[in-house]
>>> print(open('upload_2.cif').read())   # mmCIF, C-alpha atoms
data_data
loop_
_atom_site.label_atom_id
_atom_site.label_comp_id
_atom_site.auth_asym_id
_atom_site.auth_seq_id
_atom_site.Cartn_x
_atom_site.Cartn_y
_atom_site.Cartn_z
CA MET A 1 -26.41 4.66 -19.46
CA LYS A 2 -26.28 3.96 -15.75
CA VAL A 3 -29.33 2.46 -14.07
CA MET A 4 -29.93 3.11 -10.39
CA MET A 5 -32.74 1.37 -8.53
CA VAL A 6 -33.73 2.00 -4.95
CA ASP A 7 -35.05 -0.69 -2.64
CA ASP A 8 -38.14 0.81 -0.98
CA HIS A 9 -37.44 -1.04 2.26
CA THR A 10 -33.71 -0.54 2.69
CA GLY A 11 -33.10 2.67 0.77
CA ILE A 12 -30.09 1.08 -0.88
CA PHE A 13 -29.20 2.06 -4.45
CA VAL A 14 -28.39 -0.65 -6.94
CA GLU A 15 -26.36 0.37 -10.01
CA TYR A 16 -25.94 -1.90 -12.98
CA SER A 17 -25.38 -2.21 -16.68
CA ASP A 18 -24.61 -4.82 -19.25
CA CYS A 19 -22.83 -5.17 -22.49
CA THR A 20 -22.51 -7.13 -25.61
CA TYR A 21 -19.70 -8.03 -27.85
CA LYS A 22 -19.14 -8.98 -31.41
CA ARG A 23 -16.17 -10.64 -32.96
CA LYS A 24 -14.41 -8.84 -35.73
CA GLN A 25 -11.21 -9.57 -37.64
CA ASN A 26 -9.27 -6.84 -39.36
CA LYS A 27 -6.63 -7.63 -41.96
CA LYS A 28 -4.70 -4.94 -43.82
CA HIS A 29 -2.74 -5.78 -46.93
CA HIS A 30 0.90 -4.71 -46.58
CA ALA A 31 0.43 -3.91 -42.89
CA VAL A 32 3.25 -4.43 -40.49
CA PHE A 33 1.10 -5.80 -37.73
CA LEU A 34 -1.05 -8.89 -38.03
CA ILE A 35 -3.57 -8.63 -35.26
CA SER A 36 -6.19 -11.18 -34.35
CA ILE A 37 -8.85 -9.52 -32.21
CA VAL A 38 -12.25 -9.89 -30.75
CA THR A 39 -14.34 -6.76 -30.54
CA LEU A 40 -16.34 -6.11 -27.46
CA SER A 41 -19.53 -4.26 -27.55
CA ALA A 42 -19.89 -2.93 -24.12
CA CYS A 43 -22.96 -1.35 -22.89
CA VAL A 44 -24.38 1.29 -20.91
CA GLY A 45 -23.89 1.95 -17.37
CA TYR A 46 -22.00 0.80 -14.37
CA CYS A 47 -21.47 -2.52 -15.39
CA SER A 48 -20.43 -5.39 -16.86
CA HIS A 49 -20.05 -6.60 -20.10
CA GLU A 50 -18.50 -7.21 -22.76
CA PHE A 51 -15.76 -8.49 -24.05
CA MET A 52 -13.20 -9.67 -25.74
CA LEU A 53 -9.99 -10.30 -26.67
CA LEU A 54 -7.19 -10.09 -28.79
CA THR A 55 -5.05 -12.99 -29.02
CA ASN A 56 -1.76 -12.18 -30.57
CA LEU A 57 0.36 -9.44 -32.00
CA VAL A 58 3.08 -10.21 -34.53
CA LEU A 59 5.63 -7.64 -35.59
CA HIS A 60 7.07 -7.82 -39.09
CA GLY A 61 9.81 -5.37 -39.90
CA ASN A 62 9.14 -1.73 -40.66
CA SER A 63 6.37 0.51 -39.47
CA SER A 64 2.99 0.63 -41.13
CA GLN A 65 2.34 3.21 -43.77
CA TYR A 66 -1.02 3.88 -42.16
CA VAL A 67 -0.64 5.29 -38.67
CA THR A 68 -3.28 6.68 -36.34
CA GLN A 69 -1.91 8.84 -33.51
CA TYR A 70 -4.21 9.00 -30.49
CA LEU A 71 -4.12 12.36 -28.77
CA ARG A 72 -4.18 13.10 -25.09
CA GLY A 73 -7.62 13.93 -23.79
CA ASP A 74 -9.33 10.54 -23.74
CA THR A 75 -11.29 10.02 -20.55
CA ILE A 76 -12.36 7.26 -18.19
CA GLY A 77 -15.62 7.55 -16.29
CA THR A 78 -15.77 7.14 -12.52
CA TRP A 79 -18.66 5.97 -10.36
CA ASN A 80 -18.34 5.37 -6.62
CA PRO A 81 -15.42 4.08 -4.51
CA TRP A 82 -15.26 1.53 -1.74
CA HIS A 83 -14.95 3.05 1.74
CA LEU A 84 -12.29 0.92 3.41
CA ALA A 85 -10.16 1.16 6.49
CA GLN A 86 -6.38 1.22 6.04
CA ASN A 87 -5.13 -2.28 5.11
CA GLU A 88 -8.69 -3.65 5.02
CA ALA A 89 -8.99 -6.54 2.57
CA VAL A 90 -11.76 -6.89 -0.01
CA THR A 91 -13.06 -10.47 0.06
CA ILE A 92 -13.82 -12.26 -3.20
CA ASP A 93 -15.92 -15.38 -3.60
CA ILE A 94 -15.85 -17.47 -6.79
CA VAL A 95 -18.99 -19.47 -7.51
CA ASN A 96 -17.93 -22.15 -10.00
CA GLU A 97 -21.28 -23.10 -11.51
CA ALA A 98 -19.55 -24.02 -14.77
CA ASN A 99 -17.36 -26.56 -12.93
CA LEU A 100 -14.17 -25.14 -14.44
CA SER A 101 -10.81 -26.73 -13.67
CA GLN A 102 -8.52 -25.38 -10.97
CA ASP A 103 -6.26 -24.12 -13.75
CA LYS A 104 -9.12 -21.91 -14.99
CA ILE A 105 -9.83 -20.73 -11.45
CA SER A 106 -6.16 -19.75 -11.20
CA VAL A 107 -6.60 -17.66 -14.38
CA VAL A 108 -9.44 -15.76 -12.69
CA LYS A 109 -7.42 -15.19 -9.53
CA ASP A 110 -4.30 -14.10 -11.43
CA ALA A 111 -6.28 -11.42 -13.29
CA ILE A 112 -6.85 -9.87 -9.87
CA LEU A 113 -3.79 -10.86 -7.81
CA SER A 114 -0.93 -10.75 -10.34
CA THR A 115 1.80 -8.17 -9.88
CA GLN A 116 3.41 -8.86 -13.26
CA THR A 117 3.90 -5.97 -15.67
CA VAL A 118 4.23 -5.63 -19.43
CA THR A 119 6.22 -2.76 -20.95
CA ILE A 120 5.21 -1.71 -24.46
CA ASP A 121 6.66 0.90 -26.77
CA ASP A 122 4.04 3.62 -27.27
CA SER A 123 4.46 3.46 -31.04
CA VAL A 124 2.99 -0.07 -31.09
CA LEU A 125 -0.39 1.27 -29.94
CA HIS A 126 0.09 4.59 -31.76
CA LYS A 127 0.05 6.40 -28.40
CA GLY A 128 3.39 8.14 -28.82
CA PHE A 129 6.73 8.10 -30.54
CA GLU A 130 9.06 5.14 -30.76
CA GLY A 131 11.32 4.95 -27.73
CA ASN A 132 8.66 6.09 -25.25
CA THR A 133 7.11 3.26 -23.27
CA SER A 134 4.08 2.56 -21.09
CA THR A 135 3.64 0.00 -18.33
CA TYR A 136 0.63 -2.31 -18.28
CA TYR A 137 -0.41 -4.57 -15.41
CA GLU A 138 -1.61 -8.16 -15.67
CA GLY A 139 -3.48 -7.99 -12.36
CA TRP A 140 -5.35 -5.37 -10.36
CA ALA A 141 -3.34 -5.99 -7.18
CA GLY A 142 -0.12 -5.02 -8.94
CA ALA A 143 -1.74 -2.00 -10.58
CA LEU A 144 -3.29 -0.69 -7.37
CA ARG A 145 -0.21 -1.32 -5.22
CA SER A 146 1.85 0.75 -7.65
CA ILE A 147 -0.08 3.84 -6.51
CA LYS A 148 1.92 5.83 -3.95
CA GLN A 149 -0.25 8.95 -3.87
CA LYS A 150 -2.34 9.49 -0.73
CA THR A 151 -6.02 9.79 -1.58
CA LYS A 152 -9.20 10.82 0.24
CA TYR A 153 -10.47 7.24 0.35
CA VAL A 154 -8.32 4.15 0.84
CA ILE A 155 -7.59 2.45 -2.48
CA PRO A 156 -8.17 -1.33 -2.34
CA THR A 157 -4.86 -3.20 -2.48
CA GLN A 158 -5.57 -6.33 -0.43
CA PHE A 159 -7.79 -9.06 -1.88
CA ASP A 160 -8.66 -12.29 -0.06
CA PHE A 161 -10.40 -15.17 -1.77
CA VAL A 162 -12.96 -16.97 0.36
CA ASP A 163 -14.93 -20.15 -0.26
CA ASN A 164 -18.45 -19.36 0.88
CA ASN A 165 -20.39 -20.14 -2.30
CA GLY A 166 -21.37 -16.53 -2.83
CA ARG A 167 -22.77 -15.94 0.63
CA SER A 168 -20.34 -13.49 2.19
CA GLY A 169 -17.77 -12.09 -0.25
CA ASP A 170 -17.61 -8.36 -0.86
CA ILE A 171 -17.28 -9.28 -4.53
CA THR A 172 -18.85 -12.43 -5.97
CA ILE A 173 -17.67 -13.80 -9.32
CA THR A 174 -20.00 -16.41 -10.80
CA LEU A 175 -18.63 -18.59 -13.59
CA SER A 176 -21.68 -19.72 -15.51
CA ASN A 177 -22.36 -21.93 -18.54
CA GLU A 178 -25.51 -19.96 -19.24
CA ARG A 179 -25.45 -18.50 -22.74
CA ILE A 180 -27.02 -15.16 -23.55
CA GLU A 181 -26.46 -14.23 -27.18
CA GLY A 182 -23.94 -11.41 -27.51
CA TYR A 183 -23.19 -11.25 -23.79
CA THR A 184 -20.00 -12.42 -22.11
CA GLY A 185 -20.42 -10.85 -18.70
CA TYR A 186 -22.49 -8.74 -16.37
CA THR A 187 -21.56 -6.67 -13.33
CA ARG A 188 -23.86 -5.20 -10.70
CA SER A 189 -22.75 -3.05 -7.77
CA VAL A 190 -24.82 -2.21 -4.73
CA THR A 191 -24.15 1.22 -3.23
CA GLU A 192 -25.36 3.23 -0.30
CA GLY A 193 -24.69 6.94 -0.31
CA ASN A 194 -21.49 7.31 -2.30
CA ALA A 195 -19.90 4.01 -1.27
CA ILE A 196 -19.89 0.58 -2.89
CA LEU A 197 -21.16 -2.09 -0.49
CA LYS A 198 -21.02 -5.22 -2.66
CA SER A 199 -20.42 -6.17 -6.29
CA PHE A 200 -21.48 -9.16 -8.38
CA ILE A 201 -19.89 -10.38 -11.61
CA ILE A 202 -21.29 -13.09 -13.88
CA ILE A 203 -19.12 -14.57 -16.63
CA TYR A 204 -21.29 -16.29 -19.26
CA ASP A 205 -20.43 -19.37 -21.33
CA ALA A 206 -17.34 -19.73 -19.19
CA SER A 207 -16.44 -23.24 -20.34
CA ASN A 208 -15.90 -22.01 -23.89
CA LEU A 209 -13.57 -19.13 -23.06
CA SER A 210 -9.84 -19.37 -23.62
CA ASP A 211 -7.52 -18.48 -20.75
CA GLN A 212 -6.78 -15.15 -22.46
CA GLN A 213 -10.44 -14.32 -22.92
CA LEU A 214 -11.36 -15.30 -19.38
CA ALA A 215 -8.53 -13.22 -17.88
CA ALA A 216 -9.35 -10.15 -19.95
CA ILE A 217 -13.07 -10.31 -19.14
CA VAL A 218 -12.32 -10.61 -15.44
CA ARG A 219 -9.89 -7.65 -15.60
CA HIS A 220 -12.45 -5.47 -17.35
CA GLU A 221 -15.35 -6.43 -15.11
CA PHE A 222 -13.26 -6.10 -11.98
CA GLY A 223 -12.43 -2.55 -13.05
CA HIS A 224 -16.13 -1.80 -12.75
CA THR A 225 -16.39 -3.41 -9.33
CA ILE A 226 -13.78 -1.03 -7.92
CA GLY A 227 -15.52 2.00 -9.38
CA LEU A 228 -14.43 2.60 -12.98
CA GLY A 229 -16.77 3.36 -15.84
CA HIS A 230 -15.83 3.21 -19.52
CA SER A 231 -12.95 4.78 -21.41
CA THR A 232 -13.20 6.82 -24.59
CA ALA A 233 -9.81 5.46 -25.69
CA PRO A 234 -10.58 2.57 -28.07
CA GLU A 235 -7.37 0.72 -27.19
CA ASP A 236 -7.95 0.79 -23.42
CA LEU A 237 -9.05 -2.16 -21.27
CA MET A 238 -12.06 -0.16 -20.03
CA ALA A 239 -13.30 0.92 -23.48
CA PRO A 240 -16.94 0.05 -24.24
CA THR A 241 -15.91 -1.37 -27.61
CA ILE A 242 -12.46 -2.79 -27.41
CA TYR A 243 -10.09 -3.50 -30.24
CA MET A 244 -7.78 -5.22 -27.85
CA ILE A 245 -4.13 -5.34 -28.68
CA LEU A 246 -3.16 -5.66 -25.02
CA PRO A 247 -5.94 -6.67 -22.62
CA TYR A 248 -4.12 -5.29 -19.58
CA ILE A 249 -4.56 -2.50 -17.04
CA SER A 250 -3.18 0.79 -18.36
CA GLU A 251 -1.55 3.78 -16.71
CA CYS A 252 -4.69 5.73 -17.58
CA ASP A 253 -6.84 3.20 -15.69
CA ILE A 254 -4.58 3.77 -12.69
CA ASP A 255 -4.91 7.56 -13.01
CA ALA A 256 -8.69 7.14 -13.04
CA ILE A 257 -8.54 5.09 -9.82
CA ILE A 258 -6.45 7.83 -8.17
CA GLY A 259 -8.96 10.48 -9.24
CA LEU A 260 -11.96 8.43 -8.10
CA TYR A 261 -10.53 7.64 -4.67
CA ASP A 262 -9.43 11.25 -4.25
CA GLY A 263 -13.03 12.39 -4.53
CA ASN A 264 -13.78 12.65 -8.27
CA GLN A 265 -16.92 10.52 -8.16
CA MET A 266 -19.52 10.22 -10.91
CA GLY A 267 -17.21 12.12 -13.22
CA GLU A 268 -14.42 11.70 -15.74
CA ILE A 269 -10.65 11.52 -15.55
CA ILE A 270 -8.59 12.81 -18.47
CA CYS A 271 -5.86 10.43 -19.65
CA GLN A 272 -2.36 11.88 -19.91
CA LYS A 273 -1.25 9.44 -22.59
#
>>> encode(input="upload_2.cif", output="structure tokens")
Amino acid sequence: MKVMMVDDHTGIFVEYSDCTYKRKQNKKHHAVFLISIVTLSACVGYCSHEFMLLTNLVLHGNSSQYVTQYLRGDTIGTWNPWHLAQNEAVTIDIVNEANLSQDKISVVKDAILSTQTVTIDDSVLHKGFEGNTSTYYEGWAGALRSIKQKTKYVIPTQFDFVDNNGRSGDITITLSNERIEGYTGYTRSVTEGNAILKSFIIIYDASNLSDQQLAAIVRHEFGHTIGLGHSTAPEDLMAPTIYMILPYISECDIDAIIGLYDGNQMGEIICQK
């Protein structure tokens, strides 16, 4: 559910949501994959949430005798885009209330700025037949810069980190040691008309997150700040409840960004894979 509140004085809409997560471990006897995962319970709305992570995937020999084949037709929701000028940078401010190390801060930045890719055979995620592959992105900059299609609105590709303690960034990421049972993060975006003006992310209990968990939560939440809702594909980064084999940005997430910034706002984009 998306919540929209209007400030009586400014007329500005505020959209937000939150999510919860629960940890679940699934072990199958005689399975070919041993997967250690954390299940996210994401919530309603434009938001933040939830999550996370899977830690490792180990392959052992032949394929599993139990195979689920996801079909095309999963969707990702869209909200509103940023309205940017060509080559305009989105500024990001990290508020380090949890006093995390610079190594942890680098993990947060890499989840946004990385251009590294991961190529996975579709059969691993039961998205297609062996031999067909999909590309996943470790950072949003790499994912967004891979888009060559011209869209109605300028897709964000430039991100500048500033050090203003949350006072002036377009997007503010607060790393907090506050603990709220079942919650790992929260995202709130302020919009006017059909454009995002500012976004705010809070990462809870940040000192107790592994690098993998922290990166995946930031990727997911940052997807909301640039206008994505949730995915119906359970294996996708933007799913409300994520059984995360690969906590990276998918080709379907990229398709949803293209649709959103080409004018498909407050709607859904159908995944092709």
>>> residues_around(input="upload_2.cif", residues="His230 (chain A)", least_positions_apart="3", cutoff="7 Å", atoms="all atoms listed in the file", output="JSON, numbers by chain")
{"A": [76, 77, 238, 239, 240]}
>>> resolve_selection(input="upload_2.cif", expression="the PyMOL selection byres ((chain A and resi 259) around 12)", output="count of residues only")
36
>>> atom_distance(input="upload_2.cif", atom1="CA of Ser101 (chain A)", atom2="CA of Ser207 (chain A)")
9.4 Å
>>> closest_residue(input="upload_2.cif", among="A:Val90, A:Ala141, A:Leu125, A:Ile245", to="Phe161 (chain A)", atoms="all atoms listed in the file")
A:Val90
>>> resolve_selection(input="upload_2.cif", expression="the PyMOL selection byres ((chain A and resi 140) around 10)", output="JSON, numbers by chain")
{"A": [110, 111, 112, 113, 114, 115, 116, 137, 138, 139, 141, 142, 143, 144, 145, 146, 156, 157, 158, 159, 219, 220, 222, 223, 226, 248, 249, 254]}
>>> closest_residue(input="upload_2.cif", among="A:Gln272, A:Ile120, A:Val108, A:Val162", to="Ala89 (chain A)", atoms="only C-alpha atoms")
A:Val162
>>> atom_distance(input="upload_2.cif", atom1="CA of Ile203 (chain A)", atom2="CA of Lys109 (chain A)")
13.7 Å
>>> atom_distance(input="upload_2.cif", atom1="CA of Val124 (chain A)", atom2="CA of Leu246 (chain A)")
10.3 Å
>>> residues_near_point(input="upload_2.cif", point="(-23.1, 4.6, -3.9)", cutoff="8 Å", atoms="all atoms listed in the file", output="number ranges by chain")
A: 13, 79-81, 190-197
>>> closest_residue(input="upload_2.cif", among="A:Lys273, A:Lys104, A:Arg179, A:His126", to="Val218 (chain A)", atoms="only C-alpha atoms")
A:Lys104
>>> closest_residue(input="upload_2.cif", among="A:Ser134, A:Pro247, A:Leu237, A:Asn164", to="Gln212 (chain A)", atoms="all atoms listed in the file")
A:Pro247
